[in-house]
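Source file: work-v3.cif. Holds: mmCIF, C-alpha atoms.
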data_my_file
loop_
_atom_site.group_PDB
_atom_site.id
_atom_site.type_symbol
_atom_site.label_atom_id
_atom_site.label_comp_id
_atom_site.auth_asym_id
_atom_site.auth_seq_id
_atom_site.Cartn_x
_atom_site.Cartn_y
_atom_site.Cartn_z
ATOM 1 C CA MET A 1 28.263 2.417 -21.707
ATOM 2 C CA SER A 2 31.834 2.057 -20.456
ATOM 3 C CA GLY A 3 33.161 -0.927 -18.471
ATOM 4 C CA THR A 4 33.395 1.201 -15.314
ATOM 5 C CA GLU A 5 29.793 2.357 -15.657
ATOM 6 C CA ARG A 6 28.662 -1.246 -16.080
ATOM 7 C CA MET A 7 30.605 -2.251 -12.965
ATOM 8 C CA TYR A 8 28.975 0.570 -10.971
ATOM 9 C CA LEU A 9 25.539 -0.604 -12.109
ATOM 10 C CA GLU A 10 26.342 -4.153 -11.016
ATOM 11 C CA PHE A 11 27.400 -2.808 -7.615
ATOM 12 C CA LEU A 12 24.111 -0.916 -7.408
ATOM 13 C CA PHE A 13 22.233 -4.114 -8.231
ATOM 14 C CA PHE A 14 24.006 -6.071 -5.475
ATOM 15 C CA ALA A 15 23.602 -3.231 -2.965
ATOM 16 C CA TYR A 16 19.876 -2.820 -3.607
ATOM 17 C CA THR A 17 19.359 -6.604 -3.587
ATOM 18 C CA ALA A 18 21.014 -6.809 -0.165
ATOM 19 C CA VAL A 19 18.834 -3.935 1.083
ATOM 20 C CA TRP A 20 15.748 -5.649 -0.333
ATOM 21 C CA VAL A 21 16.579 -8.991 1.337
ATOM 22 C CA MET A 22 16.866 -7.202 4.685
ATOM 23 C CA MET A 23 13.620 -5.293 4.120
ATOM 24 C CA PHE A 24 11.909 -8.543 3.149
ATOM 25 C CA GLY A 25 13.166 -10.248 6.307
ATOM 26 C CA PHE A 26 11.737 -7.429 8.409
ATOM 27 C CA LEU A 27 8.433 -7.529 6.502
ATOM 28 C CA TYR A 28 8.145 -11.278 7.049
ATOM 29 C CA ARG A 29 8.927 -10.922 10.743
ATOM 30 C CA MET A 30 6.295 -8.190 11.124
ATOM 31 C CA GLY A 31 3.754 -10.390 9.349
ATOM 32 C CA LYS A 32 4.511 -13.296 11.648
ATOM 33 C CA ARG A 33 4.233 -11.114 14.764
ATOM 34 C CA ALA A 34 0.930 -9.618 13.573
ATOM 35 C CA ARG A 35 -0.428 -13.133 12.963
ATOM 36 C CA GLN A 36 0.537 -14.150 16.516
ATOM 37 C CA LEU A 37 -1.180 -11.059 17.900
ATOM 38 C CA GLU A 38 -4.317 -11.833 15.903
ATOM 39 C CA GLU A 39 -4.386 -15.371 17.295
ATOM 40 C CA GLU A 40 -3.820 -14.137 20.841
ATOM 41 C CA ILE A 41 -6.626 -11.591 20.594
ATOM 42 C CA LEU A 42 -8.973 -14.348 19.369
ATOM 43 C CA ILE A 43 -8.045 -16.513 22.388
ATOM 44 C CA LEU A 44 -8.678 -13.547 24.697
ATOM 45 C CA GLU A 45 -12.057 -12.823 23.102
ATOM 46 C CA GLU A 46 -13.068 -16.487 23.331
ATOM 47 C CA ALA A 47 -12.081 -16.541 27.017
ATOM 48 C CA PHE A 48 -14.238 -13.477 27.675
ATOM 49 C CA SER A 49 -17.213 -14.778 25.724
ATOM 50 C CA SER A 50 -17.146 -18.181 27.483
ATOM 51 C CA GLU A 51 -17.033 -16.320 30.792
ATOM 52 C CA THR A 52 -20.176 -14.391 29.820
ATOM 53 C CA LYS A 53 -21.973 -17.554 28.711
ATOM 54 C CA THR A 54 -21.749 -19.113 32.223
ATOM 55 C CA PRO A 55 -25.376 -19.575 33.327
ATOM 56 C CA ILE A 56 -26.171 -17.406 36.292
ATOM 57 C CA GLU A 57 -29.549 -18.109 37.839
ATOM 58 C CA PRO A 58 -30.919 -15.504 40.176
ATOM 59 C CA GLY A 59 -31.182 -16.865 43.671
ATOM 60 C CA PHE A 60 -28.690 -19.652 43.103
ATOM 61 C CA HIS A 61 -26.141 -19.595 45.905
ATOM 62 C CA GLY A 62 -24.033 -22.570 44.894
ATOM 63 C CA PRO A 63 -24.006 -26.140 46.184
ATOM 64 C CA SER A 64 -25.316 -26.719 49.680
ATOM 65 C CA VAL A 65 -25.192 -29.740 51.969
ATOM 66 C CA MET M 1 -6.309 -22.772 4.764
ATOM 67 C CA THR M 2 -4.367 -22.088 7.993
ATOM 68 C CA ARG M 3 -3.238 -18.596 8.888
ATOM 69 C CA ARG M 4 0.400 -19.710 8.559
ATOM 70 C CA SER M 5 -0.062 -20.991 4.994
ATOM 71 C CA GLN M 6 -1.701 -17.676 4.029
ATOM 72 C CA ASP M 7 1.769 -16.097 4.262
ATOM 73 C CA GLY M 8 3.532 -18.589 1.961
ATOM 74 C CA TRP M 9 3.054 -16.534 -1.201
ATOM 75 C CA ILE M 10 5.122 -13.667 0.297
ATOM 76 C CA TRP M 11 8.289 -15.714 -0.390
ATOM 77 C CA GLY M 12 7.581 -15.225 -4.116
ATOM 78 C CA LEU M 13 8.309 -11.530 -3.680
ATOM 79 C CA LEU M 14 11.961 -12.229 -2.914
ATOM 80 C CA PRO M 15 12.924 -13.526 -6.418
ATOM 81 C CA LEU M 16 10.439 -11.206 -8.142
ATOM 82 C CA MET M 17 12.014 -8.070 -6.702
ATOM 83 C CA GLY M 18 15.489 -9.557 -7.317
ATOM 84 C CA LEU M 19 14.566 -10.012 -10.985
ATOM 85 C CA ALA M 20 13.168 -6.469 -11.160
ATOM 86 C CA LEU M 21 16.421 -5.079 -9.729
ATOM 87 C CA PHE M 22 18.483 -7.182 -12.138
ATOM 88 C CA LEU M 23 16.479 -5.952 -15.131
ATOM 89 C CA ASN M 24 16.660 -2.348 -13.905
ATOM 90 C CA PHE M 25 20.364 -2.177 -13.164
ATOM 91 C CA VAL M 26 22.012 -4.830 -15.332
ATOM 92 C CA ALA M 27 19.878 -6.056 -18.240
ATOM 93 C CA SER M 28 18.280 -2.848 -19.492
ATOM 94 C CA PRO M 29 20.292 -0.403 -21.602
ATOM 95 C CA ASP M 30 21.020 3.248 -20.821
ATOM 96 C CA ASP M 31 18.708 5.791 -22.379
ATOM 97 C CA ARG M 32 20.235 7.586 -25.388
ATOM 98 C CA VAL M 33 19.490 11.047 -23.932
ATOM 99 C CA LEU M 34 19.112 10.521 -20.174
ATOM 100 C CA GLY M 35 21.838 7.903 -19.708
ATOM 101 C CA PRO M 36 21.672 5.782 -16.534
ATOM 102 C CA SER M 37 19.204 8.172 -14.807
ATOM 103 C CA GLN M 38 16.508 6.519 -16.954
ATOM 104 C CA ARG M 39 16.598 3.648 -14.456
ATOM 105 C CA ILE M 40 14.697 5.782 -11.909
ATOM 106 C CA PHE M 41 11.731 5.534 -14.259
ATOM 107 C CA TYR M 42 11.117 1.808 -13.694
ATOM 108 C CA PHE M 43 10.398 2.260 -10.001
ATOM 109 C CA HIS M 44 8.641 5.577 -10.621
ATOM 110 C CA MET M 45 6.170 3.897 -12.994
ATOM 111 C CA ALA M 46 5.797 0.898 -10.655
ATOM 112 C CA THR M 47 4.952 3.070 -7.627
ATOM 113 C CA ALA M 48 2.448 5.023 -9.767
ATOM 114 C CA THR M 49 0.719 1.752 -10.733
ATOM 115 C CA ALA M 50 0.620 0.511 -7.143
ATOM 116 C CA ALA M 51 -0.752 3.881 -5.928
ATOM 117 C CA GLY M 52 -3.443 3.824 -8.647
ATOM 118 C CA VAL M 53 -4.469 0.276 -7.723
ATOM 119 C CA ALA M 54 -4.465 1.126 -3.993
ATOM 120 C CA PHE M 55 -6.742 4.154 -4.424
ATOM 121 C CA THR M 56 -9.045 2.174 -6.734
ATOM 122 C CA VAL M 57 -9.368 -0.495 -4.026
ATOM 123 C CA THR M 58 -10.106 2.286 -1.505
ATOM 124 C CA ALA M 59 -12.861 3.698 -3.757
ATOM 125 C CA GLY M 60 -14.340 0.229 -4.396
ATOM 126 C CA ALA M 61 -14.323 -0.662 -0.696
ATOM 127 C CA SER M 62 -15.858 2.732 0.173
ATOM 128 C CA ILE M 63 -18.755 2.122 -2.264
ATOM 129 C CA LEU M 64 -19.253 -1.335 -0.753
ATOM 130 C CA TYR M 65 -19.233 0.143 2.754
ATOM 131 C CA LEU M 66 -21.866 2.752 1.847
ATOM 132 C CA ALA M 67 -24.006 0.028 0.244
ATOM 133 C CA THR M 68 -23.728 -2.562 3.034
ATOM 134 C CA ARG M 69 -22.547 -0.634 6.160
ATOM 135 C CA ASN M 70 -20.185 -3.544 6.812
ATOM 136 C CA LEU M 71 -17.128 -2.265 8.737
ATOM 137 C CA ARG M 72 -14.876 -4.834 7.081
ATOM 138 C CA PHE M 73 -15.039 -2.753 3.885
ATOM 139 C CA ASP M 74 -14.119 0.368 5.845
ATOM 140 C CA ALA M 75 -11.044 -1.439 7.189
ATOM 141 C CA PHE M 76 -10.127 -2.452 3.640
ATOM 142 C CA ALA M 77 -10.538 1.138 2.389
ATOM 143 C CA ALA M 78 -8.456 2.562 5.244
ATOM 144 C CA ALA M 79 -5.615 0.059 4.807
ATOM 145 C CA SER M 80 -5.447 0.603 1.059
ATOM 146 C CA ALA M 81 -5.572 4.416 1.374
ATOM 147 C CA GLU M 82 -2.682 4.360 3.839
ATOM 148 C CA ILE M 83 -0.550 2.226 1.535
ATOM 149 C CA GLY M 84 -1.590 4.240 -1.533
ATOM 150 C CA THR M 85 -0.406 7.409 0.205
ATOM 151 C CA VAL M 86 2.978 5.799 0.937
ATOM 152 C CA PHE M 87 3.288 4.809 -2.733
ATOM 153 C CA THR M 88 2.292 8.335 -3.828
ATOM 154 C CA SER M 89 5.052 9.733 -1.590
ATOM 155 C CA MET M 90 7.525 7.357 -3.269
ATOM 156 C CA LEU M 91 6.136 8.416 -6.659
ATOM 157 C CA LEU M 92 6.709 12.092 -5.879
ATOM 158 C CA VAL M 93 10.248 11.511 -4.593
ATOM 159 C CA THR M 94 11.323 9.403 -7.592
ATOM 160 C CA GLY M 95 9.602 11.883 -9.928
ATOM 161 C CA ILE M 96 11.454 14.836 -8.387
ATOM 162 C CA LEU M 97 14.797 13.021 -8.826
ATOM 163 C CA TRP M 98 14.012 11.998 -12.410
ATOM 164 C CA GLY M 99 12.791 15.526 -13.194
ATOM 165 C CA ARG M 100 16.072 17.036 -11.947
ATOM 166 C CA ALA M 101 18.023 14.716 -14.259
ATOM 167 C CA ALA M 102 15.704 15.114 -17.266
ATOM 168 C CA TRP M 103 14.454 18.713 -17.066
ATOM 169 C CA GLY M 104 17.164 20.324 -14.929
ATOM 170 C CA VAL M 105 14.672 21.466 -12.238
ATOM 171 C CA TRP M 106 13.516 19.794 -9.036
ATOM 172 C CA TRP M 107 9.891 20.868 -9.438
ATOM 173 C CA THR M 108 7.619 22.539 -11.964
ATOM 174 C CA TRP M 109 3.854 23.178 -11.788
ATOM 175 C CA ASP M 110 3.147 20.890 -14.718
ATOM 176 C CA PRO M 111 -0.472 19.525 -14.861
ATOM 177 C CA ARG M 112 0.676 15.939 -14.088
ATOM 178 C CA LEU M 113 2.866 16.971 -11.165
ATOM 179 C CA THR M 114 0.186 19.297 -9.787
ATOM 180 C CA ALA M 115 -2.549 16.632 -10.031
ATOM 181 C CA THR M 116 -0.286 14.116 -8.252
ATOM 182 C CA VAL M 117 0.571 16.466 -5.411
ATOM 183 C CA ILE M 118 -3.172 17.279 -5.011
ATOM 184 C CA LEU M 119 -3.890 13.529 -4.813
ATOM 185 C CA TRP M 120 -1.252 13.122 -2.104
ATOM 186 C CA VAL M 121 -2.595 16.071 -0.066
ATOM 187 C CA VAL M 122 -6.228 14.897 -0.356
ATOM 188 C CA PHE M 123 -5.433 11.367 0.807
ATOM 189 C CA MET M 124 -3.272 12.721 3.639
ATOM 190 C CA ALA M 125 -6.365 14.711 4.693
ATOM 191 C CA TYR M 126 -8.432 11.507 4.430
ATOM 192 C CA LEU M 127 -6.049 9.722 6.812
ATOM 193 C CA MET M 128 -6.034 12.668 9.245
ATOM 194 C CA ILE M 129 -9.847 12.903 9.274
ATOM 195 C CA ARG M 130 -10.066 9.197 10.109
ATOM 196 C CA GLY M 131 -8.272 9.919 13.371
ATOM 197 C CA TRP M 132 -10.584 12.756 14.443
ATOM 198 C CA THR M 133 -13.705 10.902 15.540
ATOM 199 C CA GLU M 134 -14.116 8.062 18.006
ATOM 200 C CA SER M 135 -17.432 6.791 16.598
ATOM 201 C CA ARG M 136 -16.555 3.935 14.259
ATOM 202 C CA GLU M 137 -19.709 4.211 12.117
ATOM 203 C CA ARG M 138 -19.526 7.975 11.751
ATOM 204 C CA ARG M 139 -15.838 7.802 10.860
ATOM 205 C CA ALA M 140 -16.476 5.088 8.273
ATOM 206 C CA ARG M 141 -19.321 7.048 6.633
ATOM 207 C CA THR M 142 -17.391 10.350 6.443
ATOM 208 C CA ALA M 143 -14.249 8.573 5.234
ATOM 209 C CA ALA M 144 -16.125 6.677 2.499
ATOM 210 C CA VAL M 145 -17.647 9.879 1.100
ATOM 211 C CA LEU M 146 -14.290 11.660 1.273
ATOM 212 C CA ALA M 147 -12.495 8.742 -0.418
ATOM 213 C CA LEU M 148 -14.935 8.834 -3.332
ATOM 214 C CA ALA M 149 -14.476 12.600 -3.697
ATOM 215 C CA ALA M 150 -10.674 12.174 -3.575
ATOM 216 C CA TYR M 151 -10.726 9.338 -6.092
ATOM 217 C CA VAL M 152 -12.013 11.733 -8.782
ATOM 218 C CA ASP M 153 -8.417 12.997 -9.011
ATOM 219 C CA VAL M 154 -7.037 9.553 -9.971
ATOM 220 C CA PRO M 155 -8.414 9.392 -13.568
ATOM 221 C CA ILE M 156 -7.759 13.142 -13.936
ATOM 222 C CA ASP M 157 -4.132 12.555 -12.884
ATOM 223 C CA TYR M 158 -3.814 9.745 -15.435
ATOM 224 C CA MET M 159 -5.300 11.841 -18.253
ATOM 225 C CA THR M 160 -3.504 15.165 -17.551
ATOM 226 C CA ILE M 161 -0.664 14.367 -19.948
ATOM 227 C CA ARG M 162 -3.194 13.425 -22.664
ATOM 228 C CA TRP M 163 -5.689 16.281 -22.186
ATOM 229 C CA TRP M 164 -3.366 19.216 -21.504
ATOM 230 C CA LYS M 165 -0.003 20.450 -22.677
ATOM 231 C CA SER M 166 2.500 18.759 -20.393
ATOM 232 C CA ILE M 167 6.246 18.212 -20.370
ATOM 233 C CA HIS M 168 5.754 14.843 -18.687
ATOM 234 C CA PRO M 169 6.481 11.968 -21.115
ATOM 235 C CA VAL M 170 3.602 9.792 -22.360
ATOM 236 C CA VAL M 171 4.962 6.240 -22.394
ATOM 237 C CA ILE M 172 1.822 4.169 -22.933
ATOM 238 C CA THR M 173 -0.336 5.408 -25.808
ATOM 239 C CA THR M 174 -3.032 3.951 -28.047
ATOM 240 C CA HIS M 175 -0.232 3.299 -30.595
ATOM 241 C CA GLY M 176 1.813 1.165 -28.169
ATOM 242 C CA ILE M 177 4.582 1.554 -25.619
ATOM 243 C CA HIS M 178 7.263 4.055 -26.586
ATOM 244 C CA MET M 179 10.301 2.194 -25.250
ATOM 245 C CA ALA M 180 12.872 -0.438 -26.230
ATOM 246 C CA PRO M 181 11.624 -4.034 -25.545
ATOM 247 C CA SER M 182 14.239 -4.680 -22.798
ATOM 248 C CA MET M 183 13.069 -1.481 -21.065
ATOM 249 C CA VAL M 184 9.450 -2.614 -21.343
ATOM 250 C CA TRP M 185 10.335 -5.863 -19.533
ATOM 251 C CA ALA M 186 12.085 -3.948 -16.748
ATOM 252 C CA MET M 187 9.014 -1.718 -16.395
ATOM 253 C CA PHE M 188 6.460 -4.556 -16.226
ATOM 254 C CA VAL M 189 8.492 -6.724 -13.830
ATOM 255 C CA SER M 190 8.996 -3.686 -11.557
ATOM 256 C CA MET M 191 5.239 -3.072 -11.668
ATOM 257 C CA ALA M 192 4.542 -6.715 -10.719
ATOM 258 C CA ALA M 193 7.055 -6.543 -7.838
ATOM 259 C CA MET M 194 5.587 -3.298 -6.511
ATOM 260 C CA LEU M 195 2.040 -4.695 -6.740
ATOM 261 C CA GLY M 196 3.295 -7.722 -4.787
ATOM 262 C CA ILE M 197 4.613 -5.392 -2.086
ATOM 263 C CA TYR M 198 1.234 -3.638 -2.056
ATOM 264 C CA ALA M 199 -0.501 -7.006 -1.501
ATOM 265 C CA ALA M 200 1.937 -7.960 1.298
ATOM 266 C CA TRP M 201 1.467 -4.598 3.048
ATOM 267 C CA MET M 202 -2.305 -4.922 2.686
ATOM 268 C CA GLN M 203 -2.255 -8.335 4.337
ATOM 269 C CA LEU M 204 -0.131 -6.980 7.189
ATOM 270 C CA ARG M 205 -2.154 -3.794 7.660
ATOM 271 C CA LEU M 206 -5.502 -5.615 7.581
ATOM 272 C CA ARG M 207 -4.216 -8.043 10.172
ATOM 273 C CA LEU M 208 -3.223 -5.133 12.431
ATOM 274 C CA ILE M 209 -6.638 -3.503 11.923
ATOM 275 C CA ARG M 210 -8.310 -6.780 12.975
ATOM 276 C CA VAL M 211 -6.100 -6.825 16.081
ATOM 277 C CA GLU M 212 -7.073 -3.201 16.838
ATOM 278 C CA MET M 213 -10.777 -4.063 16.449
ATOM 279 C CA GLY M 214 -10.381 -7.136 18.674
ATOM 280 C CA LEU M 215 -8.646 -5.043 21.347
ATOM 281 C CA ASP M 216 -11.473 -2.495 21.210
ATOM 282 C CA ARG M 217 -14.009 -5.284 21.790
ATOM 283 C CA VAL M 218 -12.011 -6.666 24.731
ATOM 284 C CA LYS M 219 -11.660 -3.162 26.228
ATOM 285 C CA GLN M 220 -15.406 -2.570 25.849
ATOM 286 C CA HIS M 221 -16.128 -5.925 27.482
ATOM 287 C CA LEU M 222 -13.886 -5.077 30.450
ATOM 288 C CA LYS M 223 -15.484 -1.641 30.757
ATOM 289 C CA ASP M 224 -18.994 -3.147 30.787
ATOM 290 C CA LYS M 225 -17.900 -5.674 33.388
ATOM 291 C CA LEU M 226 -16.400 -3.038 35.678
ATOM 292 C CA GLU M 227 -19.427 -0.750 35.358
ATOM 293 C CA GLY M 228 -22.069 -3.282 36.010
#
Would you encode the structure as structure tokens?
Amino acid sequence: MSGTERMYLEFLFFAYTAVWVMMFGFLYRMGKRARQLEEEILILEEAFSSETKTPIEPGFHGPSV
Amino acid sequence: MTRRSQDGWIWGLLPLMGLALFLNFVASPDDRVLGPSQRIFYFHMATATAAGVAFTVTAGASILYLATRNLRFDAFAAASAEIGTVFTSMLLVTGILWGRAAWGVWWTWDPRLTATVILWVVFMAYLMIRGWTESRERRARTAAVLALAAYVDVPIDYMTIRWWKSIHPVVITTHGIHMAPSMVWAMFVSMAAMLGIYAAWMQLRLRLIRVEMGLDRVKQHLKDKLEG
């Protein structure tokens, strides 16, 4: 392998490493966003389920004086 | 373990892939016949391994779904099949490029290449069929059966170069690995890095599937509330 070929391969290594670091950053960001969404959906579901659990008695019209 | 700390291991991928790239481009020697184009092989082999693992996970999860009818296994199978198909696409692209450099043609109907393209088409069909029906249970059952039928091609694909006359090289044999030790290192580290990417994508995809399922439940709840 000539010196020029070796230099080209080193350039390829640095170029692909830079591309990989950017791809990794995007992957990490996507993971973080998906985790937030998962947490938000859980909060939403809990809010709905607690709403359903409110006891509703037939014939109960609320407090009266 | 908190959800945030579940993501900590992903940082390990950064140096692992950096090492794989270093071994591929700098530390490993040129091939005597193929020259620098040999370096395509490391990622080609790594994507093949990741695709094989992904489809095996799909088959395993499909069996578990059929045995238990638990939709979590269906989600696992779907996520892994999607990622396996992406890796198979990468496998075909890197293979086509390597083939042009090594054999002088972009494509040939060699048993290995044919089996791989069949695998890709069958799993693409699997992913399309998943989108056809609204019923979650029916979709899961059909998809599980289809995944098991499709998985038959995975061991066939692996064995094609051993059973039939093929121009595709056989690197790993019962007599050892037919490569220089520095090339072997580059191959295994690339495999580890690609499997790490598979795991990271799985975590992300499964999380999105859980979000989709949660949204469906909320939508259903709202619908029930509005109707009655």
**Request:** Find the residues in chain M near chain A: any atom within 7 Å counts, using all atoms listed in the file. Write them as a list in words.
**Result:** Gly18, Leu21, Phe22, Phe25, Val26, Leu204, Arg207, Leu208, Val211, Gly214, Leu215 and Val218 of chain M
TODO: Report the residues retrieved by the PyMOL selection byres ((chain M and resi 118) around 12) from the displayed file, expressed as a PyMOL selection string.
DONE: chain M and resi 85+88-89+92+109+111-117+119-125+150-154+156-157
Could you dump the residues just selected with C-alpha atoms as a tab-separated table (two decimals), keeping the file's coordinate frame?
chain	number	residue	atom	x	y	z
M	85	THR	CA	-0.41	7.41	0.20
M	88	THR	CA	2.29	8.34	-3.83
M	89	SER	CA	5.05	9.73	-1.59
M	92	LEU	CA	6.71	12.09	-5.88
M	109	TRP	CA	3.85	23.18	-11.79
M	111	PRO	CA	-0.47	19.52	-14.86
M	112	ARG	CA	0.68	15.94	-14.09
M	113	LEU	CA	2.87	16.97	-11.16
M	114	THR	CA	0.19	19.30	-9.79
M	115	ALA	CA	-2.55	16.63	-10.03
M	116	THR	CA	-0.29	14.12	-8.25
M	117	VAL	CA	0.57	16.47	-5.41
M	119	LEU	CA	-3.89	13.53	-4.81
M	120	TRP	CA	-1.25	13.12	-2.10
M	121	VAL	CA	-2.60	16.07	-0.07
M	122	VAL	CA	-6.23	14.90	-0.36
M	123	PHE	CA	-5.43	11.37	0.81
M	124	MET	CA	-3.27	12.72	3.64
M	125	ALA	CA	-6.36	14.71	4.69
M	150	ALA	CA	-10.67	12.17	-3.58
M	151	TYR	CA	-10.73	9.34	-6.09
M	152	VAL	CA	-12.01	11.73	-8.78
M	153	ASP	CA	-8.42	13.00	-9.01
M	154	VAL	CA	-7.04	9.55	-9.97
M	156	ILE	CA	-7.76	13.14	-13.94
M	157	ASP	CA	-4.13	12.56	-12.88
Checklist entry - Which neighbours of M:Trp98 fall inside 12 Å, counting all atoms listed in the file, when residues of the same chain fewer than 3 positions from it are skipped, and could you give them as number ranges by chain? => result M: 34-45, 91-95, 101-107, 168-169
Please enclose the listed atoms of stretch 28-37 of chain A in an axis-aligned box, pad each side by 8 Å, and write out the centre and the three edge lengths in Å, rounded to one decimal, as lines of an AutoDock Vina configuration file.
center_x = 3.9
center_y = -11.2
center_z = 12.5
size_x = 26.1
size_y = 22.0
size_z = 26.9
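Counting only C-alpha atoms, the residue from M:Met179, M:Thr56, M:Trp201, M:Leu127 that sits nearest to A:Phe26 is M:Trp201.
Evaluated against the shown file, the PyMOL selection byres ((chain M and resi 140) around 9) gives Ser62, Tyr65, Leu66, Arg69, Leu71, Asp74, Ala75, Ala78, Arg130, Ser135, Arg136, Glu137, Arg138, Arg139, Arg141, Thr142, Ala143, Ala144 and Val145 of chain M.
Going from atom CA of M:Ala61 over to atom CA of M:Arg210, you cover 16.1 Å.
Between atom CA of M:Met191 and atom CA of M:Thr49 the interatomic distance comes to 6.7 Å.
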note - atom CA of M:Pro155 and atom CA of M:Val86 are separated by 18.8 Å
List the spatial neighbours of M:Val53 as a PyMOL selection string - criterion: any atom at most 9 Å away, only C-alpha atoms, same-chain residues fewer than 6 positions off excluded. chain M and resi 80+84+195+198
Since fewer atoms than expected are present, regenerate N, CA and C atoms for stretch 4-16 of chain A and write them as a PDB file, in the coordinates of the input.
ATOM      1  N   THR A   4      33.505   0.696 -16.696  1.00  0.00           N
ATOM      2  CA  THR A   4      33.395   1.201 -15.314  1.00  0.00           C
ATOM      3  C   THR A   4      31.933   1.460 -14.953  1.00  0.00           C
ATOM      4  N   GLU A   5      31.221   2.074 -15.909  1.00  0.00           N
ATOM      5  CA  GLU A   5      29.793   2.357 -15.657  1.00  0.00           C
ATOM      6  C   GLU A   5      29.022   1.057 -15.414  1.00  0.00           C
ATOM      7  N   ARG A   6      29.333   0.059 -16.236  1.00  0.00           N
ATOM      8  CA  ARG A   6      28.662  -1.246 -16.080  1.00  0.00           C
ATOM      9  C   ARG A   6      28.966  -1.845 -14.700  1.00  0.00           C
ATOM     10  N   MET A   7      30.208  -1.715 -14.271  1.00  0.00           N
ATOM     11  CA  MET A   7      30.605  -2.251 -12.965  1.00  0.00           C
ATOM     12  C   MET A   7      29.841  -1.524 -11.841  1.00  0.00           C
ATOM     13  N   TYR A   8      29.723  -0.201 -11.976  1.00  0.00           N
ATOM     14  CA  TYR A   8      28.975   0.570 -10.971  1.00  0.00           C
ATOM     15  C   TYR A   8      27.522   0.102 -10.907  1.00  0.00           C
ATOM     16  N   LEU A   9      26.934  -0.157 -12.077  1.00  0.00           N
ATOM     17  CA  LEU A   9      25.539  -0.604 -12.109  1.00  0.00           C
ATOM     18  C   LEU A   9      25.383  -1.970 -11.458  1.00  0.00           C
ATOM     19  N   GLU A  10      26.381  -2.836 -11.666  1.00  0.00           N
ATOM     20  CA  GLU A  10      26.342  -4.153 -11.016  1.00  0.00           C
ATOM     21  C   GLU A  10      26.439  -4.007  -9.497  1.00  0.00           C
ATOM     22  N   PHE A  11      27.292  -3.067  -9.058  1.00  0.00           N
ATOM     23  CA  PHE A  11      27.400  -2.808  -7.615  1.00  0.00           C
ATOM     24  C   PHE A  11      26.063  -2.315  -7.069  1.00  0.00           C
ATOM     25  N   LEU A  12      25.422  -1.432  -7.828  1.00  0.00           N
ATOM     26  CA  LEU A  12      24.111  -0.916  -7.408  1.00  0.00           C
ATOM     27  C   LEU A  12      23.110  -2.058  -7.286  1.00  0.00           C
ATOM     28  N   PHE A  13      23.138  -2.961  -8.261  1.00  0.00           N
ATOM     29  CA  PHE A  13      22.233  -4.114  -8.231  1.00  0.00           C
ATOM     30  C   PHE A  13      22.454  -4.942  -6.971  1.00  0.00           C
ATOM     31  N   PHE A  14      23.721  -5.251  -6.661  1.00  0.00           N
ATOM     32  CA  PHE A  14      24.006  -6.071  -5.475  1.00  0.00           C
ATOM     33  C   PHE A  14      23.636  -5.327  -4.182  1.00  0.00           C
ATOM     34  N   ALA A  15      23.912  -4.019  -4.169  1.00  0.00           N
ATOM     35  CA  ALA A  15      23.602  -3.231  -2.965  1.00  0.00           C
ATOM     36  C   ALA A  15      22.099  -3.200  -2.722  1.00  0.00           C
ATOM     37  N   TYR A  16      21.336  -2.906  -3.769  1.00  0.00           N
ATOM     38  CA  TYR A  16      19.876  -2.820  -3.607  1.00  0.00           C
ATOM     39  C   TYR A  16      19.268  -4.195  -3.324  1.00  0.00           C
TER      40      TYR A  16
END
